[in-house]
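Peer 1: Okay, handing you the structure first.
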Amino acid sequence: MSDQIIGLHHWFDSPPGRYLLAWEQARFDEAVADIFGYHSLQLGMPLLDGLRANRMPHQWLALGQEAVQGSIAFLETGSGDAPLQRRTVDLLTEPVALPFAEASLDLLVLPHTLELSMDPHAALREVERVLVPEGRVVISGLNPTSLWGLRQWRARMYQRMGKGTLYLPDVGEFIGYRRLRDWLRLLSFEVESAQFGCYRPAVRSTQWLERFGFMDPLGERWWPIFGAAYFLVAVKRVHGMRLLEPAWRSTRQRSAATVPIANRAGPVGATGRTSRLFTGSDDRDRNTV
């Protein structure tokens with residue numbers, strides 16, 4: 001697993017990695033800016049600051065032990081301008097066993113965390129446990145149904161024949177968007193928004209990536225689900241919850257009393273005549289008192 005972490009860090013320091021990292025950073029900044037609460041956590045991927053646009057007072061970055069070793073190895077051999085050097089790791093933990101109480105976090109950010117997890121479904125169950133009701137999880141991952149995923153699949157076929165190199169980092173099996181959405185639904189999550197991005201072909205040089213820059217707007221319009229990466233925001237729904245209402249709405253209202261109308265002769269008035277409203281008779285048929 002540590003070799004996969006090291007490979008992922010070095011790949012994000014390559015031209016296609018920086019291209020993907022810039023797209024994901026912009027998506028995270030937009031998504032977390034208006035999510036409010038008190039406690040937020042980013043699991044893994046210190047090269048990307050998924051919480052920098054969020055305004056929660058308590059923010060943490062958590063890495064696994066092997067991920068920390070990969071980060072140190074990248075600092076020793078990677079480029080000098082990596083954002084990792086300005087990030088501080090707050091705790092060491094694995095996504096499948098978070099040291100937080102149930103319903104204690106308002107926001108979790110998972111940049112490529114599930115791809116590196118030993119059990120991604122168990123990691124999602126742990127996310128559901130620590131999130132408060134209506135809490136949100138933000139996830140990014142590599143899309144296997146894309147031009148990049150196709151080249152990765154072809155490179156694996158060539159490797160079985162003893163030749164070829166992988167284009168994407170060797171992080172095991174990529175999790176498709178539809179599969180991840182089904183997992184979230186089983187855990188009572190509702191997908192609020194989803195985006196795909198990075199439609200340029202799987203090339204390695206900055207020059208060729210810039211030449212194919214026109215494919216990003218075309219891809220967003222004509223083949224939106226085939227981007228190299230996906231990004232989604234999901235909210236934890238708790239069924240059967242009863243919203244609290246103001247106390248004045250629960251007070252019982254006093255109903256107005258009805259006045260019955262009796263069909264009988266009314267009292268004798270001051271003029272000595274009974275009212276025609278109740279008797280329906282003519283005054284000429286009555287004698288004065």
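We label chains A, B, ... in the order they appear in the structure tokens, count residues from 1 in each chain, and number ligands from 1 in the order shown.
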Neighbours of stretch 205-220 of chain A within 12 Å (only C-alpha atoms; same-chain residues fewer than 2 positions away dropped), as a list in words?

Peer 2: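 The contact residues come out as Asp13, Ser14, Pro15, Pro16, Gly17, Arg18, Tyr19, Leu20, Trp23, Ser146, Leu147, Gln195, Phe196, Gly197, Cys198, Tyr199, Arg200, Pro201, Ala202, Val203, Trp222, Trp223, Pro224, Ile225, Phe226, Gly227 and Ala228 of chain A.
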
Peer 1: If you run DSSP over the backbone, which residues in stretch 66-222 of chain A end up strand (DSSP E or B)? Put them as a PyMOL selection string.

Peer 2: chain A and resi 91-92+94+97+105-111+131-142+189-197

Peer 1: Kindly indicate which residue among A:His112, A:Arg185, A:Leu166, A:Ala101 lies nearest to A:Arg154, using only C-alpha atoms for the distances.

Peer 2: A:Leu166

Peer 1: Rounded to one decimal, what separation in Å do you get between atom CA of A:Val138 and atom CA of A:Ala62?

Peer 2: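 We find that atom CA of A:Val138 and atom CA of A:Ala62 lie 15.0 Å from each other.
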
Peer 1: Quick one: pull the distance between atom CA of A:Lys236 and atom CA of A:Phe28, Å, one decimal.

Peer 2: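 The value is 18.4 Å.
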
Peer 1: Compare A:Lys163, A:Glu134, A:Leu51, A:Pro169 by their minimum atom-to-atom distance to A:Val235, counting only C-alpha atoms, and give me the closest one.

Peer 2: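 With only C-alpha atoms as the atom set, the closest residue is A:Glu134.
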
Peer 1: Identify, on the basis of only C-alpha atoms, every residue whose closest approach to A:Val96 does not exceed 6 Å; exclude the query and any residue fewer than 4 positions from it along the same chain; express the result as a PyMOL selection string.

Peer 2: chain A and resi 122-123+126

Peer 1: Where in stretch 110-226 of chain A does DSSP assign helix (DSSP H, G or I), given as an NGL selection string?

Peer 2: :A and (113-116 or 120-130 or 147-160 or 177-186 or 206-222 or 224-226)

Peer 1: Leaving out A:Leu180 and any residue of its chain fewer than 2 positions from it, which residues lie within 10 Å of it when counting only C-alpha atoms, given as a list in words?

Peer 2: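 Contacts, with the query itself left out: Leu114, Pro120, His121, Leu124, Ile139, Gly141, Ile175, Gly176, Tyr177, Arg178, Asp182, Trp183, Leu184, Arg185 and Leu232 of chain A.
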
Peer 1: My list of candidates is A:Gln159, A:Gln59, A:Ser188, A:Thr145. Which is closest to A:Val109 when distances are computed with only C-alpha atoms?

Peer 2: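 With only C-alpha atoms as the atom set, the closest residue is A:Gln59.
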
Peer 1: Smallest atom-to-atom distance to A:Arg125: which of A:Leu21, A:Leu186, A:Leu43, A:Ala229, using only C-alpha atoms?

Peer 2: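 For A:Arg125, the nearest of the candidates is A:Leu186.
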
Peer 1: Quote the spacing between atom CA of A:Ala97 and atom CA of A:Ala26 in Å to one decimal place.

Peer 2: 29.0 Å
